[in-house]
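See below for the structure under consideration.
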Amino acid sequence: MTASTDMPDFAGQARRADQEDVESAQERRNRNWTDILQELRVAQTGVQLLTAFLLALPFQNRFASLTTGQEWLYLAVVLLSILATGLLIMPVSLHRALFRKQEKETLVQVANRLAQVGLAILALAISGVVLLIFDVTKGRTTAAVAASATLVALAVLWAAIPALITRSALTED
């Protein structure tokens with residue numbers, strides 16, 4: 001949509017499609033790598049904030065009142081959050097390892113898979129945080145419902161809707 005008319009920018013979309021047709025393989029790989037990096041920046045910020053929040057929790061007064069089960073849940077969520085952080089940052093390490101080795105296509109493919117797995121683990125970590133918070137404040141049954149709803153919502157937002165859009169776009173081509 002264009003800002004001035006709120007009408008679809010079909011001419012701009014056609015220009016982008018034409019540009020993609022004349023884009024070299026190297027240009028495509030570079031564009032894909034840049035796109036992945038931009039997406040990872042968003043995910044990394046969120047997972048790092050979540051991890052920082054979790055790491056600060058044991059230093060709060062109320063943390064001592066957690067049950068043994070809640071403490072184990074907390075530790076599981078911390079591990080999930082740290083794993084998600086590692087997966088979402090790993091493409092940087094991979095880029096360093098493959099730098100100037102003419103392996104950008106491999107880098108893009110592996111970084112894409114790492115981002116997908118990292119987001120799945122992040123969804124589990126977020127749902128685990130919801131489970132812990134609701135368990136501490138409202139009880140186990142409410143916690144299970146809230147955490148399940150969170151996991152389903154994230155699965156729909158991060159996986160199901162993108163899959164439907166991709167399928168729809170592929171059938172239109």
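Lettering and numbering for the structure tokens are positional, with chains as A, B, ... in the shown order, residues counted from 1 in each chain, and ligands counted from 1 in the shown order.
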Spatial neighbours of range 151-157 of chain A, 7 Å, only C-alpha atoms, chain gap at least 2 places, as an mmCIF file with all heavy atoms, in the first residue's frame:
```
data_model
loop_
_atom_site.group_PDB
_atom_site.id
_atom_site.type_symbol
_atom_site.label_atom_id
_atom_site.label_comp_id
_atom_site.auth_asym_id
_atom_site.auth_seq_id
_atom_site.Cartn_x
_atom_site.Cartn_y
_atom_site.Cartn_z
ATOM 1 N N ALA A 123 9.376 -20.111 21.597
ATOM 2 C CA ALA A 123 7.943 -20.267 21.893
ATOM 3 C C ALA A 123 7.749 -21.144 23.127
ATOM 4 O O ALA A 123 6.899 -20.851 23.989
ATOM 5 C CB ALA A 123 7.202 -20.851 20.690
ATOM 6 N N LEU A 124 8.541 -22.211 23.234
ATOM 7 C CA LEU A 124 8.464 -23.064 24.423
ATOM 8 C C LEU A 124 8.906 -22.304 25.677
ATOM 9 O O LEU A 124 8.281 -22.436 26.735
ATOM 10 C CB LEU A 124 9.327 -24.317 24.239
ATOM 11 C CG LEU A 124 8.848 -25.332 23.217
ATOM 12 C CD1 LEU A 124 9.890 -26.436 23.037
ATOM 13 C CD2 LEU A 124 7.498 -25.908 23.621
ATOM 14 N N SER A 127 6.175 -19.825 26.650
ATOM 15 C CA SER A 127 5.059 -20.563 27.257
ATOM 16 C C SER A 127 5.431 -21.050 28.653
ATOM 17 O O SER A 127 4.582 -21.056 29.560
ATOM 18 C CB SER A 127 4.667 -21.747 26.365
ATOM 19 O OG SER A 127 4.235 -21.282 25.114
ATOM 20 N N ALA A 147 -0.601 -21.241 29.621
ATOM 21 C CA ALA A 147 0.600 -21.656 28.891
ATOM 22 C C ALA A 147 0.227 -22.360 27.588
ATOM 23 O O ALA A 147 0.859 -22.129 26.549
ATOM 24 C CB ALA A 147 1.458 -22.558 29.766
ATOM 25 N N SER A 148 -0.791 -23.203 27.629
ATOM 26 C CA SER A 148 -1.240 -23.891 26.415
ATOM 27 C C SER A 148 -1.761 -22.894 25.388
ATOM 28 O O SER A 148 -1.444 -22.995 24.196
ATOM 29 C CB SER A 148 -2.332 -24.914 26.749
ATOM 30 O OG SER A 148 -1.827 -25.909 27.606
ATOM 31 N N ALA A 149 -2.544 -21.937 25.854
ATOM 32 C CA ALA A 149 -3.077 -20.913 24.949
ATOM 33 C C ALA A 149 -1.944 -20.089 24.341
ATOM 34 O O ALA A 149 -1.978 -19.758 23.146
ATOM 35 C CB ALA A 149 -4.054 -20.008 25.695
ATOM 36 N N ALA A 159 4.016 -19.992 12.834
ATOM 37 C CA ALA A 159 4.167 -21.134 11.936
ATOM 38 C C ALA A 159 2.965 -21.312 11.009
ATOM 39 O O ALA A 159 3.127 -21.373 9.789
ATOM 40 C CB ALA A 159 4.404 -22.412 12.743
ATOM 41 N N ALA A 160 1.778 -21.407 11.568
ATOM 42 C CA ALA A 160 0.601 -21.727 10.749
ATOM 43 C C ALA A 160 0.271 -20.615 9.751
ATOM 44 O O ALA A 160 0.077 -20.894 8.555
ATOM 45 C CB ALA A 160 -0.604 -22.014 11.646
ATOM 46 N N ILE A 161 0.197 -19.388 10.210
ATOM 47 C CA ILE A 161 -0.138 -18.288 9.296
ATOM 48 C C ILE A 161 0.932 -18.113 8.216
ATOM 49 O O ILE A 161 0.594 -18.017 7.033
ATOM 50 C CB ILE A 161 -0.428 -16.982 10.062
ATOM 51 C CG1 ILE A 161 -1.726 -17.140 10.859
ATOM 52 C CG2 ILE A 161 -0.495 -15.782 9.115
ATOM 53 C CD1 ILE A 161 -2.054 -15.976 11.775
#
```
Report as a JSON list (two decimals) with all heavy atoms, in the first residue's frame all protein, DNA and RNA residues lying within 12 Å of Leu131 in chain A, evaluated on only C-alpha atoms, omitting residues in the same chain fewer than 5 positions from it.
```json
[["chain", "number", "residue", "atom", "x", "y", "z"],
["A", 69, "GLY", "N", 8.79, -27.82, 42.57],
["A", 69, "GLY", "CA", 8.35, -27.96, 41.19],
["A", 69, "GLY", "C", 8.48, -26.67, 40.40],
["A", 69, "GLY", "O", 8.89, -26.68, 39.24],
["A", 70, "GLN", "N", 8.16, -25.55, 41.02],
["A", 70, "GLN", "CA", 8.29, -24.26, 40.36],
["A", 70, "GLN", "C", 9.76, -23.91, 40.11],
["A", 70, "GLN", "O", 10.10, -23.32, 39.08],
["A", 70, "GLN", "CB", 7.61, -23.17, 41.19],
["A", 70, "GLN", "CG", 6.11, -23.29, 41.20],
["A", 70, "GLN", "CD", 5.45, -22.40, 42.25],
["A", 70, "GLN", "OE1", 6.07, -22.00, 43.24],
["A", 70, "GLN", "NE2", 4.17, -22.12, 42.04],
["A", 73, "LEU", "N", 10.77, -25.92, 37.11],
["A", 73, "LEU", "CA", 10.17, -25.29, 35.94],
["A", 73, "LEU", "C", 10.97, -24.06, 35.55],
["A", 73, "LEU", "O", 11.28, -23.85, 34.37],
["A", 73, "LEU", "CB", 8.70, -24.92, 36.20],
["A", 73, "LEU", "CG", 8.00, -24.12, 35.11],
["A", 73, "LEU", "CD1", 8.01, -24.88, 33.78],
["A", 73, "LEU", "CD2", 6.57, -23.80, 35.55],
["A", 74, "TYR", "N", 11.32, -23.25, 36.54],
["A", 74, "TYR", "CA", 12.14, -22.05, 36.29],
["A", 74, "TYR", "C", 13.45, -22.45, 35.61],
["A", 74, "TYR", "O", 13.85, -21.85, 34.60],
["A", 74, "TYR", "CB", 12.41, -21.31, 37.59],
["A", 74, "TYR", "CG", 13.53, -20.32, 37.47],
["A", 74, "TYR", "CD1", 13.33, -19.09, 36.85],
["A", 74, "TYR", "CD2", 14.81, -20.62, 37.93],
["A", 74, "TYR", "CE1", 14.38, -18.19, 36.70],
["A", 74, "TYR", "CE2", 15.85, -19.74, 37.79],
["A", 74, "TYR", "CZ", 15.63, -18.52, 37.17],
["A", 74, "TYR", "OH", 16.67, -17.64, 37.01],
["A", 76, "ALA", "N", 14.15, -25.13, 33.88],
["A", 76, "ALA", "CA", 13.89, -25.62, 32.52],
["A", 76, "ALA", "C", 13.67, -24.44, 31.56],
["A", 76, "ALA", "O", 14.19, -24.44, 30.43],
["A", 76, "ALA", "CB", 12.68, -26.54, 32.51],
["A", 77, "VAL", "N", 12.94, -23.44, 32.02],
["A", 77, "VAL", "CA", 12.67, -22.27, 31.18],
["A", 77, "VAL", "C", 13.96, -21.50, 30.92],
["A", 77, "VAL", "O", 14.20, -21.02, 29.80],
["A", 77, "VAL", "CB", 11.59, -21.37, 31.83],
["A", 77, "VAL", "CG1", 11.47, -20.05, 31.12],
["A", 77, "VAL", "CG2", 10.25, -22.09, 31.84],
["A", 124, "LEU", "N", 8.54, -22.21, 23.23],
["A", 124, "LEU", "CA", 8.46, -23.06, 24.42],
["A", 124, "LEU", "C", 8.91, -22.30, 25.68],
["A", 124, "LEU", "O", 8.28, -22.44, 26.74],
["A", 124, "LEU", "CB", 9.33, -24.32, 24.24],
["A", 124, "LEU", "CG", 8.85, -25.33, 23.22],
["A", 124, "LEU", "CD1", 9.89, -26.44, 23.04],
["A", 124, "LEU", "CD2", 7.50, -25.91, 23.62],
["A", 125, "ALA", "N", 9.97, -21.52, 25.55],
["A", 125, "ALA", "CA", 10.45, -20.74, 26.70],
["A", 125, "ALA", "C", 9.41, -19.72, 27.15],
["A", 125, "ALA", "O", 9.14, -19.57, 28.34],
["A", 125, "ALA", "CB", 11.77, -20.05, 26.35],
["A", 126, "ILE", "N", 8.80, -19.01, 26.20],
["A", 126, "ILE", "CA", 7.78, -18.02, 26.54],
["A", 126, "ILE", "C", 6.59, -18.70, 27.20],
["A", 126, "ILE", "O", 6.07, -18.22, 28.22],
["A", 126, "ILE", "CB", 7.34, -17.23, 25.28],
["A", 126, "ILE", "CG1", 8.49, -16.34, 24.80],
["A", 126, "ILE", "CG2", 6.09, -16.40, 25.55],
["A", 126, "ILE", "CD1", 8.25, -15.72, 23.43],
["A", 136, "VAL", "N", 2.50, -19.44, 39.94],
["A", 136, "VAL", "CA", 2.83, -18.72, 41.18],
["A", 136, "VAL", "C", 1.67, -17.82, 41.61],
["A", 136, "VAL", "O", 1.37, -17.71, 42.79],
["A", 136, "VAL", "CB", 4.13, -17.90, 41.01],
["A", 136, "VAL", "CG1", 4.34, -16.94, 42.16],
["A", 136, "VAL", "CG2", 5.33, -18.83, 40.85],
["A", 137, "THR", "N", 1.00, -17.22, 40.63],
["A", 137, "THR", "CA", -0.02, -16.22, 40.99],
["A", 137, "THR", "C", -1.45, -16.75, 41.03],
["A", 137, "THR", "O", -2.26, -16.27, 41.82],
["A", 137, "THR", "CB", 0.04, -15.02, 40.02],
["A", 137, "THR", "OG1", -0.21, -15.48, 38.69],
["A", 137, "THR", "CG2", 1.38, -14.31, 40.09],
["A", 138, "LYS", "N", -1.78, -17.74, 40.19],
["A", 138, "LYS", "CA", -3.19, -18.17, 40.09],
["A", 138, "LYS", "C", -3.41, -19.67, 40.23],
["A", 138, "LYS", "O", -4.55, -20.12, 40.23],
["A", 138, "LYS", "CB", -3.79, -17.72, 38.75],
["A", 138, "LYS", "CG", -3.91, -16.23, 38.61],
["A", 138, "LYS", "CD", -4.86, -15.67, 39.65],
["A", 138, "LYS", "CE", -4.97, -14.17, 39.55],
["A", 138, "LYS", "NZ", -5.73, -13.61, 40.66],
["A", 139, "GLY", "N", -2.37, -20.45, 40.30],
["A", 139, "GLY", "CA", -2.54, -21.89, 40.48],
["A", 139, "GLY", "C", -2.24, -22.68, 39.23],
["A", 139, "GLY", "O", -2.18, -22.15, 38.12],
["A", 140, "ARG", "N", -2.09, -23.97, 39.42],
["A", 140, "ARG", "CA", -1.62, -24.87, 38.37],
["A", 140, "ARG", "C", -2.59, -25.00, 37.21],
["A", 140, "ARG", "O", -2.20, -25.03, 36.05],
["A", 140, "ARG", "CB", -1.31, -26.23, 38.98],
["A", 140, "ARG", "CG", -0.57, -27.11, 38.03],
["A", 140, "ARG", "CD", 0.34, -28.10, 38.69],
["A", 140, "ARG", "NE", 1.43, -27.39, 39.32],
["A", 140, "ARG", "CZ", 2.04, -27.79, 40.44],
["A", 140, "ARG", "NH1", 1.65, -28.89, 41.03],
["A", 140, "ARG", "NH2", 3.02, -27.11, 40.95],
["A", 141, "THR", "N", -3.89, -25.10, 37.47],
["A", 141, "THR", "CA", -4.87, -25.28, 36.38],
["A", 141, "THR", "C", -4.90, -24.06, 35.47],
["A", 141, "THR", "O", -4.83, -24.18, 34.24],
["A", 141, "THR", "CB", -6.27, -25.56, 36.96],
["A", 141, "THR", "OG1", -6.21, -26.73, 37.77],
["A", 141, "THR", "CG2", -7.29, -25.76, 35.86],
["A", 142, "THR", "N", -5.00, -22.88, 36.08],
["A", 142, "THR", "CA", -4.99, -21.65, 35.29],
["A", 142, "THR", "C", -3.68, -21.52, 34.53],
["A", 142, "THR", "O", -3.66, -21.09, 33.37],
["A", 142, "THR", "CB", -5.20, -20.42, 36.21],
["A", 142, "THR", "OG1", -6.41, -20.61, 36.93],
["A", 142, "THR", "CG2", -5.28, -19.14, 35.42],
["A", 143, "ALA", "N", -2.59, -21.92, 35.17],
["A", 143, "ALA", "CA", -1.27, -21.86, 34.53],
["A", 143, "ALA", "C", -1.23, -22.75, 33.30],
["A", 143, "ALA", "O", -0.71, -22.34, 32.24],
["A", 143, "ALA", "CB", -0.19, -22.26, 35.52],
["A", 144, "ALA", "N", -1.76, -23.96, 33.41],
["A", 144, "ALA", "CA", -1.75, -24.89, 32.27],
["A", 144, "ALA", "C", -2.57, -24.34, 31.11],
["A", 144, "ALA", "O", -2.15, -24.44, 29.95],
["A", 144, "ALA", "CB", -2.27, -26.26, 32.70],
["A", 145, "VAL", "N", -3.71, -23.76, 31.41],
["A", 145, "VAL", "CA", -4.55, -23.19, 30.36],
["A", 145, "VAL", "C", -3.85, -22.00, 29.70],
["A", 145, "VAL", "O", -3.79, -21.91, 28.46],
["A", 145, "VAL", "CB", -5.93, -22.76, 30.94],
["A", 145, "VAL", "CG1", -6.72, -21.94, 29.92],
["A", 145, "VAL", "CG2", -6.71, -23.98, 31.39],
["A", 146, "ALA", "N", -3.29, -21.11, 30.50],
["A", 146, "ALA", "CA", -2.61, -19.92, 29.96],
["A", 146, "ALA", "C", -1.39, -20.30, 29.13],
["A", 146, "ALA", "O", -1.17, -19.75, 28.04],
["A", 146, "ALA", "CB", -2.22, -18.98, 31.09],
["A", 147, "ALA", "N", -0.60, -21.24, 29.62],
["A", 147, "ALA", "CA", 0.60, -21.66, 28.89],
["A", 147, "ALA", "C", 0.23, -22.36, 27.59],
["A", 147, "ALA", "O", 0.86, -22.13, 26.55],
["A", 147, "ALA", "CB", 1.46, -22.56, 29.77],
["A", 148, "SER", "N", -0.79, -23.20, 27.63],
["A", 148, "SER", "CA", -1.24, -23.89, 26.41],
["A", 148, "SER", "C", -1.76, -22.89, 25.39],
["A", 148, "SER", "O", -1.44, -22.99, 24.20],
["A", 148, "SER", "CB", -2.33, -24.91, 26.75],
["A", 148, "SER", "OG", -1.83, -25.91, 27.61],
["A", 149, "ALA", "N", -2.54, -21.94, 25.85],
["A", 149, "ALA", "CA", -3.08, -20.91, 24.95],
["A", 149, "ALA", "C", -1.94, -20.09, 24.34],
["A", 149, "ALA", "O", -1.98, -19.76, 23.15],
["A", 149, "ALA", "CB", -4.05, -20.01, 25.70],
["A", 150, "THR", "N", -0.95, -19.79, 25.14],
["A", 150, "THR", "CA", 0.21, -19.04, 24.64],
["A", 150, "THR", "C", 0.94, -19.83, 23.57],
["A", 150, "THR", "O", 1.27, -19.30, 22.50],
["A", 150, "THR", "CB", 1.17, -18.69, 25.79],
["A", 150, "THR", "OG1", 0.47, -17.88, 26.74],
["A", 150, "THR", "CG2", 2.41, -17.97, 25.30],
["A", 151, "LEU", "N", 1.19, -21.10, 23.83],
["A", 151, "LEU", "CA", 1.91, -21.94, 22.87],
["A", 151, "LEU", "C", 1.12, -22.08, 21.57],
["A", 151, "LEU", "O", 1.68, -21.97, 20.48],
["A", 151, "LEU", "CB", 2.20, -23.31, 23.48],
["A", 151, "LEU", "CG", 3.11, -24.22, 22.66],
["A", 151, "LEU", "CD1", 4.46, -23.57, 22.38],
["A", 151, "LEU", "CD2", 3.30, -25.55, 23.38]]
```
Distance CA of Leu132 in chain A-CA of Ala120 in chain A, one decimal place?
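CA of Leu132 in chain A sits 18.5 Å away from CA of Ala120 in chain A.
The neighbours of range 51-57 of chain A here are the residues that come within 9 Å of it, using only C-alpha atoms and leaving out any residue fewer than 2 positions away in the same chain; they are A:Gly46, A:Val47, A:Gln48, A:Leu49, A:Phe59, A:Gln60, A:Asn61, A:Arg62, A:Phe63, A:Tyr74, A:Val77, A:Val78, A:Ser81, A:Ile82, A:Thr85, A:Val129.
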Would you work out the distance separating CA of Gly118 in chain A from CA of Leu88 in chain A, expressed in Å to one decimal?
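The value is 5.5 Å.
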Identify, on the basis of only C-alpha atoms, every residue whose closest approach to range 111-113 of chain A does not exceed 12 Å; exclude the query and any residue fewer than 3 positions from it along the same chain; express the result as a PDB file with N, CA, C and O atoms, in the first residue's frame.
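Contents of out_1.pdb, as written:
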```
ATOM      1  N   ASN A  32      19.377 -12.591   0.579  1.00  0.00           N
ATOM      2  CA  ASN A  32      18.802 -13.538   1.535  1.00  0.00           C
ATOM      3  C   ASN A  32      19.534 -13.492   2.869  1.00  0.00           C
ATOM      4  O   ASN A  32      18.911 -13.544   3.931  1.00  0.00           O
ATOM      5  N   TRP A  33      20.855 -13.396   2.831  1.00  0.00           N
ATOM      6  CA  TRP A  33      21.640 -13.320   4.067  1.00  0.00           C
ATOM      7  C   TRP A  33      21.291 -12.038   4.824  1.00  0.00           C
ATOM      8  O   TRP A  33      21.080 -12.058   6.035  1.00  0.00           O
ATOM      9  N   THR A  34      21.186 -10.927   4.125  1.00  0.00           N
ATOM     10  CA  THR A  34      20.828  -9.656   4.764  1.00  0.00           C
ATOM     11  C   THR A  34      19.433  -9.739   5.380  1.00  0.00           C
ATOM     12  O   THR A  34      19.213  -9.272   6.495  1.00  0.00           O
ATOM     13  N   ASP A  35      18.494 -10.354   4.668  1.00  0.00           N
ATOM     14  CA  ASP A  35      17.138 -10.521   5.197  1.00  0.00           C
ATOM     15  C   ASP A  35      17.141 -11.347   6.476  1.00  0.00           C
ATOM     16  O   ASP A  35      16.487 -11.000   7.461  1.00  0.00           O
ATOM     17  N   ILE A  36      17.881 -12.452   6.472  1.00  0.00           N
ATOM     18  CA  ILE A  36      17.946 -13.296   7.666  1.00  0.00           C
ATOM     19  C   ILE A  36      18.545 -12.520   8.831  1.00  0.00           C
ATOM     20  O   ILE A  36      18.042 -12.597   9.959  1.00  0.00           O
ATOM     21  N   LEU A  37      19.606 -11.770   8.579  1.00  0.00           N
ATOM     22  CA  LEU A  37      20.226 -10.991   9.662  1.00  0.00           C
ATOM     23  C   LEU A  37      19.245  -9.988  10.265  1.00  0.00           C
ATOM     24  O   LEU A  37      19.193  -9.825  11.493  1.00  0.00           O
ATOM     25  N   GLU A  39      15.987 -10.204  10.362  1.00  0.00           N
ATOM     26  CA  GLU A  39      14.990 -10.955  11.130  1.00  0.00           C
ATOM     27  C   GLU A  39      15.576 -11.443  12.454  1.00  0.00           C
ATOM     28  O   GLU A  39      14.918 -11.383  13.499  1.00  0.00           O
ATOM     29  N   LEU A  40      16.809 -11.914  12.410  1.00  0.00           N
ATOM     30  CA  LEU A  40      17.451 -12.402  13.629  1.00  0.00           C
ATOM     31  C   LEU A  40      17.667 -11.292  14.644  1.00  0.00           C
ATOM     32  O   LEU A  40      17.590 -11.530  15.853  1.00  0.00           O
ATOM     33  N   LEU A  87      20.838 -20.598  19.562  1.00  0.00           N
ATOM     34  CA  LEU A  87      20.411 -20.919  18.198  1.00  0.00           C
ATOM     35  C   LEU A  87      20.236 -19.671  17.345  1.00  0.00           C
ATOM     36  O   LEU A  87      20.575 -19.664  16.154  1.00  0.00           O
ATOM     37  N   LEU A  88      19.700 -18.607  17.943  1.00  0.00           N
ATOM     38  CA  LEU A  88      19.444 -17.385  17.183  1.00  0.00           C
ATOM     39  C   LEU A  88      20.709 -16.557  16.955  1.00  0.00           C
ATOM     40  O   LEU A  88      20.748 -15.727  16.048  1.00  0.00           O
ATOM     41  N   ILE A  89      21.739 -16.795  17.749  1.00  0.00           N
ATOM     42  CA  ILE A  89      23.010 -16.087  17.565  1.00  0.00           C
ATOM     43  C   ILE A  89      23.999 -16.933  16.757  1.00  0.00           C
ATOM     44  O   ILE A  89      24.922 -16.407  16.142  1.00  0.00           O
ATOM     45  N   MET A  90      23.793 -18.230  16.689  1.00  0.00           N
ATOM     46  CA  MET A  90      24.714 -19.118  16.001  1.00  0.00           C
ATOM     47  C   MET A  90      25.015 -18.734  14.547  1.00  0.00           C
ATOM     48  O   MET A  90      26.143 -18.931  14.092  1.00  0.00           O
ATOM     49  N   PRO A  91      24.071 -18.182  13.782  1.00  0.00           N
ATOM     50  CA  PRO A  91      24.419 -17.787  12.414  1.00  0.00           C
ATOM     51  C   PRO A  91      25.607 -16.820  12.339  1.00  0.00           C
ATOM     52  O   PRO A  91      26.361 -16.844  11.369  1.00  0.00           O
ATOM     53  N   VAL A  92      25.788 -16.013  13.371  1.00  0.00           N
ATOM     54  CA  VAL A  92      26.941 -15.100  13.387  1.00  0.00           C
ATOM     55  C   VAL A  92      28.236 -15.908  13.469  1.00  0.00           C
ATOM     56  O   VAL A  92      29.188 -15.661  12.727  1.00  0.00           O
ATOM     57  N   SER A  93      28.263 -16.885  14.359  1.00  0.00           N
ATOM     58  CA  SER A  93      29.430 -17.755  14.499  1.00  0.00           C
ATOM     59  C   SER A  93      29.673 -18.544  13.213  1.00  0.00           C
ATOM     60  O   SER A  93      30.816 -18.697  12.763  1.00  0.00           O
ATOM     61  N   LEU A  94      28.599 -19.024  12.637  1.00  0.00           N
ATOM     62  CA  LEU A  94      28.697 -19.763  11.384  1.00  0.00           C
ATOM     63  C   LEU A  94      29.251 -18.880  10.271  1.00  0.00           C
ATOM     64  O   LEU A  94      30.093 -19.308   9.480  1.00  0.00           O
ATOM     65  N   HIS A  95      28.811 -17.639  10.227  1.00  0.00           N
ATOM     66  CA  HIS A  95      29.315 -16.698   9.233  1.00  0.00           C
ATOM     67  C   HIS A  95      30.818 -16.502   9.403  1.00  0.00           C
ATOM     68  O   HIS A  95      31.567 -16.464   8.430  1.00  0.00           O
ATOM     69  N   LEU A  98      32.586 -19.553   8.011  1.00  0.00           N
ATOM     70  CA  LEU A  98      32.492 -19.715   6.560  1.00  0.00           C
ATOM     71  C   LEU A  98      32.927 -18.480   5.779  1.00  0.00           C
ATOM     72  O   LEU A  98      32.852 -18.473   4.543  1.00  0.00           O
ATOM     73  N   LYS A 104      28.092 -19.052   0.921  1.00  0.00           N
ATOM     74  CA  LYS A 104      26.970 -18.222   1.344  1.00  0.00           C
ATOM     75  C   LYS A 104      25.647 -18.970   1.244  1.00  0.00           C
ATOM     76  O   LYS A 104      24.790 -18.826   2.102  1.00  0.00           O
ATOM     77  N   GLU A 105      25.468 -19.795   0.216  1.00  0.00           N
ATOM     78  CA  GLU A 105      24.212 -20.550   0.077  1.00  0.00           C
ATOM     79  C   GLU A 105      24.034 -21.500   1.257  1.00  0.00           C
ATOM     80  O   GLU A 105      22.941 -21.601   1.821  1.00  0.00           O
ATOM     81  N   THR A 106      25.096 -22.181   1.644  1.00  0.00           N
ATOM     82  CA  THR A 106      25.045 -23.056   2.820  1.00  0.00           C
ATOM     83  C   THR A 106      24.731 -22.233   4.064  1.00  0.00           C
ATOM     84  O   THR A 106      23.891 -22.626   4.885  1.00  0.00           O
ATOM     85  N   LEU A 107      25.385 -21.108   4.182  1.00  0.00           N
ATOM     86  CA  LEU A 107      25.167 -20.215   5.321  1.00  0.00           C
ATOM     87  C   LEU A 107      23.706 -19.788   5.411  1.00  0.00           C
ATOM     88  O   LEU A 107      23.094 -19.849   6.487  1.00  0.00           O
ATOM     89  N   VAL A 108      23.129 -19.394   4.303  1.00  0.00           N
ATOM     90  CA  VAL A 108      21.730 -18.957   4.277  1.00  0.00           C
ATOM     91  C   VAL A 108      20.798 -20.107   4.655  1.00  0.00           C
ATOM     92  O   VAL A 108      19.882 -19.949   5.465  1.00  0.00           O
ATOM     93  N   GLN A 116      14.456 -21.017  12.489  1.00  0.00           N
ATOM     94  CA  GLN A 116      13.196 -21.732  12.692  1.00  0.00           C
ATOM     95  C   GLN A 116      13.210 -22.518  14.004  1.00  0.00           C
ATOM     96  O   GLN A 116      12.262 -22.459  14.784  1.00  0.00           O
ATOM     97  N   VAL A 117      14.285 -23.247  14.249  1.00  0.00           N
ATOM     98  CA  VAL A 117      14.380 -24.029  15.483  1.00  0.00           C
ATOM     99  C   VAL A 117      14.475 -23.093  16.684  1.00  0.00           C
ATOM    100  O   VAL A 117      13.839 -23.325  17.722  1.00  0.00           O
ATOM    101  N   GLY A 118      15.245 -22.019  16.552  1.00  0.00           N
ATOM    102  CA  GLY A 118      15.368 -21.047  17.636  1.00  0.00           C
ATOM    103  C   GLY A 118      14.031 -20.429  18.010  1.00  0.00           C
ATOM    104  O   GLY A 118      13.726 -20.258  19.197  1.00  0.00           O
ATOM    105  N   LEU A 119      13.213 -20.109  17.016  1.00  0.00           N
ATOM    106  CA  LEU A 119      11.891 -19.552  17.298  1.00  0.00           C
ATOM    107  C   LEU A 119      10.983 -20.581  17.966  1.00  0.00           C
ATOM    108  O   LEU A 119      10.196 -20.235  18.850  1.00  0.00           O
ATOM    109  N   ALA A 120      11.087 -21.834  17.559  1.00  0.00           N
ATOM    110  CA  ALA A 120      10.291 -22.885  18.203  1.00  0.00           C
ATOM    111  C   ALA A 120      10.685 -23.033  19.673  1.00  0.00           C
ATOM    112  O   ALA A 120       9.815 -23.124  20.551  1.00  0.00           O
TER     113      ALA A 120
END
```
Between CA of Ala84 in chain A and CA of Phe99 in chain A, what is the spacing in Å?
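CA of Phe99 in chain A sits 23.6 Å away from CA of Ala84 in chain A.
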